[in-house]
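Colleague: One file is attached below, entry27.cif, containing mmCIF, C-alpha atoms.
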```cif
data_coords
loop_
_atom_site.group_PDB
_atom_site.id
_atom_site.type_symbol
_atom_site.label_atom_id
_atom_site.label_comp_id
_atom_site.auth_asym_id
_atom_site.auth_seq_id
_atom_site.Cartn_x
_atom_site.Cartn_y
_atom_site.Cartn_z
ATOM 1 C CA MET A 1 -7.667 22.528 7.666
ATOM 2 C CA THR A 2 -4.005 22.060 6.696
ATOM 3 C CA ILE A 3 -2.940 19.313 4.300
ATOM 4 C CA GLU A 4 -1.319 17.441 7.205
ATOM 5 C CA GLU A 5 -4.616 17.557 9.158
ATOM 6 C CA GLU A 6 -6.463 16.294 6.073
ATOM 7 C CA ILE A 7 -3.997 13.411 5.626
ATOM 8 C CA ASP A 8 -4.344 12.560 9.345
ATOM 9 C CA ARG A 9 -8.143 12.509 8.947
ATOM 10 C CA LEU A 10 -8.031 10.319 5.846
ATOM 11 C CA TYR A 11 -5.604 7.878 7.427
ATOM 12 C CA ALA A 12 -7.520 7.630 10.724
ATOM 13 C CA GLY A 13 -10.988 7.224 9.214
ATOM 14 C CA SER A 14 -12.640 3.825 8.916
ATOM 15 C CA LYS A 15 -12.842 3.205 5.177
ATOM 16 C CA THR A 16 -14.908 1.089 2.794
ATOM 17 C CA PHE A 17 -14.805 0.608 -0.971
ATOM 18 C CA ALA A 18 -16.914 3.026 -3.010
ATOM 19 C CA VAL A 19 -16.996 0.533 -5.911
ATOM 20 C CA PRO A 20 -16.154 -3.181 -6.096
ATOM 21 C CA PRO A 21 -12.390 -3.739 -6.346
ATOM 22 C CA SER A 22 -10.969 -5.605 -9.328
ATOM 23 C CA TRP A 23 -7.595 -6.297 -10.894
ATOM 24 C CA HIS A 24 -6.701 -5.226 -14.432
ATOM 25 C CA PHE A 25 -3.569 -5.334 -16.549
ATOM 26 C CA GLU A 26 -1.413 -2.217 -16.593
ATOM 27 C CA GLY A 27 -0.931 -0.879 -20.123
ATOM 28 C CA GLU A 28 -0.311 -3.136 -23.072
ATOM 29 C CA SER A 29 2.606 -5.086 -21.595
ATOM 30 C CA ARG A 30 0.334 -7.312 -19.489
ATOM 31 C CA ASN A 31 3.216 -7.974 -17.085
ATOM 32 C CA ARG A 32 1.593 -6.377 -14.038
ATOM 33 C CA LEU A 33 -1.881 -6.377 -12.509
ATOM 34 C CA GLU A 34 -3.167 -3.224 -10.836
ATOM 35 C CA MET A 35 -6.193 -1.860 -9.056
ATOM 36 C CA ARG A 36 -7.152 1.647 -8.025
ATOM 37 C CA VAL A 37 -10.348 1.734 -5.985
ATOM 38 C CA PRO A 38 -11.971 4.884 -4.556
ATOM 39 C CA LEU A 39 -12.593 4.805 -0.804
ATOM 40 C CA SER A 40 -15.409 6.131 1.371
ATOM 41 C CA ILE A 41 -15.412 7.301 4.982
ATOM 42 C CA ASP A 42 -18.790 7.361 6.753
ATOM 43 C CA TYR A 43 -20.584 6.540 3.475
ATOM 44 C CA VAL A 44 -19.048 9.545 1.695
ATOM 45 C CA THR A 45 -16.641 8.856 -1.158
ATOM 46 C CA GLU A 46 -13.526 10.883 -0.398
ATOM 47 C CA GLU A 47 -12.222 12.856 -3.353
ATOM 48 C CA GLY A 48 -8.768 11.602 -4.271
ATOM 49 C CA LEU A 49 -8.557 8.746 -1.718
ATOM 50 C CA PHE A 50 -7.808 5.328 -3.226
ATOM 51 C CA LEU A 51 -6.535 1.870 -2.444
ATOM 52 C CA TYR A 52 -3.912 1.153 -5.077
ATOM 53 C CA GLY A 53 -2.612 -2.383 -5.516
ATOM 54 C CA SER A 54 -0.139 -4.029 -7.855
ATOM 55 C CA CYS A 55 1.271 -7.492 -8.364
ATOM 56 C CA TYR A 56 2.881 -9.653 -11.015
ATOM 57 C CA PRO A 57 0.560 -12.337 -12.391
ATOM 58 C CA HIS A 58 3.449 -14.779 -12.834
ATOM 59 C CA VAL A 59 4.660 -14.442 -9.187
ATOM 60 C CA LYS A 60 2.145 -16.208 -6.953
ATOM 61 C CA ASP A 61 2.025 -14.741 -3.430
ATOM 62 C CA GLY A 62 4.933 -12.387 -4.053
ATOM 63 C CA GLY A 63 5.745 -8.915 -5.269
ATOM 64 C CA VAL A 64 2.386 -7.598 -4.014
ATOM 65 C CA THR A 65 2.112 -3.930 -3.033
ATOM 66 C CA PHE A 66 -0.805 -2.006 -1.549
ATOM 67 C CA VAL A 67 -0.830 1.776 -1.121
ATOM 68 C CA LEU A 68 -3.270 4.081 0.585
ATOM 69 C CA LEU A 69 -3.058 6.805 -2.046
ATOM 70 C CA TYR A 70 -4.164 10.424 -1.904
ATOM 71 C CA HIS A 71 -4.526 11.921 -5.365
ATOM 72 C CA PRO A 72 -6.582 15.138 -5.153
ATOM 73 C CA ALA A 73 -7.762 17.067 -8.205
ATOM 74 C CA GLN A 74 -5.213 19.760 -7.342
ATOM 75 C CA GLY A 75 -2.112 19.741 -5.202
ATOM 76 C CA LEU A 76 0.505 17.205 -4.292
ATOM 77 C CA ALA A 77 -0.487 13.554 -4.749
ATOM 78 C CA GLY A 78 1.168 10.521 -3.230
ATOM 79 C CA PRO A 79 1.200 7.622 -0.765
ATOM 80 C CA ILE A 80 -0.043 7.856 2.811
ATOM 81 C CA VAL A 81 1.081 4.319 3.721
ATOM 82 C CA ARG A 82 2.539 1.431 1.666
ATOM 83 C CA PHE A 83 2.723 -2.309 2.328
ATOM 84 C CA CYS A 84 5.002 -4.710 0.404
ATOM 85 C CA TRP A 85 4.243 -8.446 0.719
ATOM 86 C CA ASN A 86 7.062 -10.838 -0.175
ATOM 87 C CA PRO A 87 8.785 -8.117 -2.226
ATOM 88 C CA LEU A 88 11.021 -8.888 -5.168
ATOM 89 C CA HIS A 89 13.559 -6.270 -4.021
ATOM 90 C CA ASP A 90 14.938 -5.076 -0.718
ATOM 91 C CA HIS A 91 14.351 -1.758 1.036
ATOM 92 C CA LYS A 92 16.998 0.378 2.726
ATOM 93 C CA ASN A 93 16.137 3.103 5.232
ATOM 94 C CA ILE A 94 19.515 4.782 4.600
ATOM 95 C CA GLY A 95 19.816 5.960 8.190
ATOM 96 C CA GLY A 96 16.421 7.649 8.347
ATOM 97 C CA HIS A 97 15.350 5.446 11.239
ATOM 98 C CA LYS A 98 17.169 4.770 14.485
ATOM 99 C CA GLY A 99 17.839 1.254 15.670
ATOM 100 C CA GLU A 100 18.445 -2.082 14.029
ATOM 101 C CA TRP A 101 16.896 -1.114 10.693
ATOM 102 C CA ALA A 102 18.703 2.211 10.209
ATOM 103 C CA TRP A 103 21.104 0.753 7.620
ATOM 104 C CA LYS A 104 20.262 -2.953 7.398
ATOM 105 C CA PRO A 105 18.406 -3.956 4.177
ATOM 106 C CA ILE A 106 14.886 -5.305 4.654
ATOM 107 C CA VAL A 107 14.384 -8.265 2.323
ATOM 108 C CA THR A 108 11.061 -9.520 3.714
ATOM 109 C CA THR A 109 7.505 -8.226 3.931
ATOM 110 C CA HIS A 110 7.574 -4.652 5.193
ATOM 111 C CA LEU A 111 5.424 -1.628 5.956
ATOM 112 C CA HIS A 112 6.125 1.995 5.111
ATOM 113 C CA GLY A 113 3.998 3.086 8.061
ATOM 114 C CA PHE A 114 2.239 6.419 8.312
ATOM 115 C CA GLU A 115 3.496 7.039 11.842
ATOM 116 C CA LEU A 116 7.099 6.406 10.770
ATOM 117 C CA ASN A 117 6.972 8.794 7.815
ATOM 118 C CA ARG A 118 4.658 11.612 8.928
ATOM 119 C CA LYS A 119 7.623 13.429 10.515
ATOM 120 C CA TYR A 120 8.547 14.469 6.957
ATOM 121 C CA GLY A 121 5.227 16.294 6.476
ATOM 122 C CA TRP A 122 3.050 15.682 3.438
ATOM 123 C CA ASP A 123 5.547 17.245 1.044
ATOM 124 C CA GLY A 124 8.394 15.074 2.337
ATOM 125 C CA MET A 125 6.288 11.909 2.493
ATOM 126 C CA VAL A 126 5.438 12.289 -1.181
ATOM 127 C CA ARG A 127 8.770 13.544 -2.519
ATOM 128 C CA LYS A 128 10.760 10.949 -0.550
ATOM 129 C CA ASN A 129 8.206 8.201 -1.380
ATOM 130 C CA LEU A 130 7.669 7.115 2.250
ATOM 131 C CA PRO A 131 11.390 6.481 2.843
ATOM 132 C CA ILE A 132 11.137 4.630 6.181
ATOM 133 C CA ALA A 133 9.920 1.039 6.475
ATOM 134 C CA LEU A 134 10.073 -1.731 9.053
ATOM 135 C CA PRO A 135 9.705 -5.498 8.607
ATOM 136 C CA VAL A 136 6.336 -7.059 9.399
ATOM 137 C CA ASP A 137 6.700 -9.751 12.040
ATOM 138 C CA GLU A 138 3.217 -11.218 11.615
ATOM 139 C CA GLU A 139 3.060 -14.455 9.647
ATOM 140 C CA LEU A 140 0.982 -13.818 6.546
ATOM 141 C CA SER A 141 0.771 -17.250 4.958
ATOM 142 C CA ASP A 142 -1.595 -16.508 2.084
ATOM 143 C CA PHE A 143 -3.307 -13.704 0.184
ATOM 144 C CA ARG A 144 -6.340 -13.580 2.525
ATOM 145 C CA ASP A 145 -4.133 -13.393 5.647
ATOM 146 C CA MET A 146 -2.184 -10.595 4.010
ATOM 147 C CA LEU A 147 -5.395 -8.716 3.159
ATOM 148 C CA GLU A 148 -6.581 -8.985 6.759
ATOM 149 C CA TYR A 149 -3.347 -7.337 7.898
ATOM 150 C CA VAL A 150 -3.593 -4.589 5.249
ATOM 151 C CA GLY A 151 -7.213 -3.963 6.238
ATOM 152 C CA LYS A 152 -6.203 -3.410 9.863
ATOM 153 C CA ILE A 153 -3.317 -1.076 9.025
ATOM 154 C CA PHE A 154 -5.140 0.889 6.300
ATOM 155 C CA LYS A 155 -8.438 0.790 8.265
ATOM 156 C CA ILE A 156 -10.458 -0.651 5.362
ATOM 157 C CA ALA A 157 -13.386 -2.581 6.831
ATOM 158 C CA ASP A 158 -14.345 -4.526 3.690
ATOM 159 C CA ILE A 159 -10.804 -5.335 2.501
ATOM 160 C CA GLN A 160 -11.738 -8.985 1.885
ATOM 161 C CA ARG A 161 -13.753 -7.824 -1.158
ATOM 162 C CA VAL A 162 -10.415 -7.618 -2.997
ATOM 163 C CA PRO A 163 -10.288 -10.697 -5.221
ATOM 164 C CA VAL A 164 -7.283 -12.982 -5.254
ATOM 165 C CA PRO A 165 -5.318 -12.135 -8.421
ATOM 166 C CA GLU A 166 -5.484 -14.636 -11.246
ATOM 167 C CA TRP A 167 -1.957 -15.959 -10.853
ATOM 168 C CA GLN A 168 -0.592 -17.386 -14.084
ATOM 169 C CA GLN A 169 2.020 -20.077 -14.336
ATOM 170 C CA THR A 170 4.786 -19.460 -16.851
ATOM 171 C CA LEU A 171 7.021 -21.978 -18.549
ATOM 172 C CA ILE A 172 10.764 -21.410 -18.325
#
```
For the structure just supplied, provide its representation as structure tokens.
Modeller:
Amino acid sequence: MTIEEEIDRLYAGSKTFAVPPSWHFEGESRNRLEMRVPLSIDYVTEEGLFLYGSCYPHVKDGGVTFVLLYHPAQGLAGPIVRFCWNPLHDHKNIGGHKGEWAWKPIVTTHLHGFELNRKYGWDGMVRKNLPIALPVDEELSDFRDMLEYVGKIFKIADIQRVPVPEWQQTLI
């Protein structure tokens, strides 16, 4: 099986969490929450397949990213698909996509879809960091709505097991 066939299989498979998902602080800075949860397909934990998530605890319902991540013991590791909910920065396709979003910045929720980026092959998807994205038109009003959408796209059946981050208010 080629690496592209393996990535296709991992993306297409119906996934569940191998362990309960939970958020933790990244490093000592405590300015970002992360999770990295192994995933199973057909009750078999897939080596190197994870749901990675990150968010900022002081930005409620914003700056949230989820990645279907392939990180094998050997070989090239990287994202299969990435979703950015209410991002804190824009995304530019820099002409890599035809149509309205070829050069126009995307400032809203967007998806770096597998189908859009697989034309680059696994090597290109990883090295270019899933360069093509499109805005998400679905209204995702809260964290649970957003998770439902991510679960459909990433094919993770038990996505609602992801806890809502403990958002923290900060004083200015």
Colleague: For this structure, which residues satisfy the selection - the PyMOL selection byres ((chain A and resi 158) around 12) - when it is evaluated on the file as given? I want them as a ChimeraX atom specification.
Modeller: /A:14-21,39-41,51,147-148,150-152,154-157,159-163
Colleague: Nearest to A:Gly62 among A:Pro79, A:Pro131, A:Pro105, A:Pro165, with distances taken over only C-alpha atoms: which residue is it?
Modeller: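 Among the listed residues, the smallest separation from A:Gly62 belongs to A:Pro165.
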Colleague: Applying the PyMOL selection byres ((chain A and resi 120) around 12) to the file I just gave you, which residues come out? Please list them as a ChimeraX atom specification.
Modeller: /A:4,80,96,114-119,121-132
Colleague: Keeping C-alpha atoms for every residue in the selection just given, could you write it to a file as an mmCIF file, in the frame of the given file?
Modeller:
```
data_model
loop_
_atom_site.group_PDB
_atom_site.id
_atom_site.type_symbol
_atom_site.label_atom_id
_atom_site.label_comp_id
_atom_site.auth_asym_id
_atom_site.auth_seq_id
_atom_site.Cartn_x
_atom_site.Cartn_y
_atom_site.Cartn_z
ATOM 1 C CA GLU A 4 -1.319 17.441 7.205
ATOM 2 C CA ILE A 80 -0.043 7.856 2.811
ATOM 3 C CA GLY A 96 16.421 7.649 8.347
ATOM 4 C CA PHE A 114 2.239 6.419 8.312
ATOM 5 C CA GLU A 115 3.496 7.039 11.842
ATOM 6 C CA LEU A 116 7.099 6.406 10.770
ATOM 7 C CA ASN A 117 6.972 8.794 7.815
ATOM 8 C CA ARG A 118 4.658 11.612 8.928
ATOM 9 C CA LYS A 119 7.623 13.429 10.515
ATOM 10 C CA GLY A 121 5.227 16.294 6.476
ATOM 11 C CA TRP A 122 3.050 15.682 3.438
ATOM 12 C CA ASP A 123 5.547 17.245 1.044
ATOM 13 C CA GLY A 124 8.394 15.074 2.337
ATOM 14 C CA MET A 125 6.288 11.909 2.493
ATOM 15 C CA VAL A 126 5.438 12.289 -1.181
ATOM 16 C CA ARG A 127 8.770 13.544 -2.519
ATOM 17 C CA LYS A 128 10.760 10.949 -0.550
ATOM 18 C CA ASN A 129 8.206 8.201 -1.380
ATOM 19 C CA LEU A 130 7.669 7.115 2.250
ATOM 20 C CA PRO A 131 11.390 6.481 2.843
ATOM 21 C CA ILE A 132 11.137 4.630 6.181
#
```
Colleague: Residues at most 10 Å from A:Val107, counting all atoms listed in the file, excluding those fewer than 4 positions away in the same chain, as a ChimeraX atom specification?
Modeller: /A:86-92,135
Colleague: Taking all atoms listed in the file into account, which of A:Arg36, A:Glu166, A:Ala77, A:Leu49 comes nearest A:Phe143?
Modeller: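 Of A:Arg36, A:Glu166, A:Ala77, A:Leu49, the one nearest A:Phe143 is A:Glu166, counting all atoms listed in the file.
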Colleague: I need the residue nearest A:Val81 from this list: A:Thr2, A:Ser141, A:Thr45, A:Thr65. Use all atoms listed in the file for the distance.
Modeller: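 Under the stated criterion, the closest residue is A:Thr65.
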Colleague: What does the structure give for the distance between atom CA of A:Leu68 and atom CA of A:Leu140, in Å to one decimal?
Modeller: 19.3 Å
Colleague: What does the distance from atom CA of A:Glu28 to atom CA of A:Cys55 come to in Å, to one decimal?
Modeller: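 About the pair atom CA of A:Glu28 and atom CA of A:Cys55: they are 15.4 Å apart.
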Colleague: What's the separation between atom CA of A:Asp8 and atom CA of A:Ile153, in Å to one decimal place?
Modeller: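 Calculated distance between atom CA of A:Asp8 and atom CA of A:Ile153 is 13.7 Å.
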Colleague: Would you please work out which residue, of A:His24, A:His97, A:Lys104, A:Arg32, is nearest to A:Val59 when using only C-alpha atoms?
Modeller: A:Arg32
Colleague: Measuring between all atoms listed in the file, which one of A:Asp145, A:Glu139, A:Glu46, A:Glu34 shows the shortest distance to A:Gly63?
Modeller: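 For A:Gly63, the nearest of the given residues is A:Glu34.
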Colleague: Please return stretch 17-29 of chain A, rebuilt to N, CA, C and O atoms, as a compact mmCIF listing (two decimals), in the coordinates of the input.
Modeller:
```
# COMPACT_ATOMS: atom_id res chain seq x y z
N PHE A 17 -14.92 0.40 0.47
CA PHE A 17 -14.80 0.61 -0.97
C PHE A 17 -16.04 1.32 -1.51
O PHE A 17 -17.17 0.95 -1.19
N ALA A 18 -15.82 2.32 -2.36
CA ALA A 18 -16.91 3.03 -3.01
C ALA A 18 -17.45 2.24 -4.20
O ALA A 18 -18.61 2.41 -4.58
N VAL A 19 -16.62 1.41 -4.81
CA VAL A 19 -17.00 0.53 -5.91
C VAL A 19 -16.31 -0.82 -5.68
O VAL A 19 -15.32 -0.89 -4.94
N PRO A 20 -16.80 -1.88 -6.29
CA PRO A 20 -16.15 -3.18 -6.10
C PRO A 20 -14.72 -3.17 -6.64
O PRO A 20 -14.48 -2.71 -7.76
N PRO A 21 -13.77 -3.69 -5.86
CA PRO A 21 -12.39 -3.74 -6.35
C PRO A 21 -12.20 -4.84 -7.38
O PRO A 21 -12.84 -5.88 -7.31
N SER A 22 -11.30 -4.58 -8.34
CA SER A 22 -10.97 -5.60 -9.33
C SER A 22 -9.57 -5.33 -9.88
O SER A 22 -9.12 -4.19 -9.91
N TRP A 23 -8.93 -6.39 -10.30
CA TRP A 23 -7.60 -6.30 -10.89
C TRP A 23 -7.72 -6.10 -12.39
O TRP A 23 -8.62 -6.64 -13.02
N HIS A 24 -6.78 -5.38 -12.98
CA HIS A 24 -6.70 -5.23 -14.43
C HIS A 24 -5.23 -5.13 -14.83
O HIS A 24 -4.38 -4.79 -14.00
N PHE A 25 -4.94 -5.43 -16.08
CA PHE A 25 -3.57 -5.33 -16.55
C PHE A 25 -3.18 -3.88 -16.76
O PHE A 25 -3.97 -3.08 -17.26
N GLU A 26 -1.96 -3.55 -16.39
CA GLU A 26 -1.41 -2.22 -16.59
C GLU A 26 -0.91 -2.10 -18.02
O GLU A 26 -0.08 -2.89 -18.46
N GLY A 27 -1.42 -1.14 -18.77
CA GLY A 27 -0.93 -0.88 -20.12
C GLY A 27 -1.05 -2.09 -21.03
O GLY A 27 -1.80 -3.02 -20.78
N GLU A 28 -0.26 -2.07 -22.08
CA GLU A 28 -0.31 -3.14 -23.07
C GLU A 28 0.66 -4.28 -22.77
O GLU A 28 0.57 -5.34 -23.38
N SER A 29 1.58 -4.07 -21.85
CA SER A 29 2.61 -5.09 -21.60
C SER A 29 2.06 -6.33 -20.92
O SER A 29 2.63 -7.40 -21.05
```
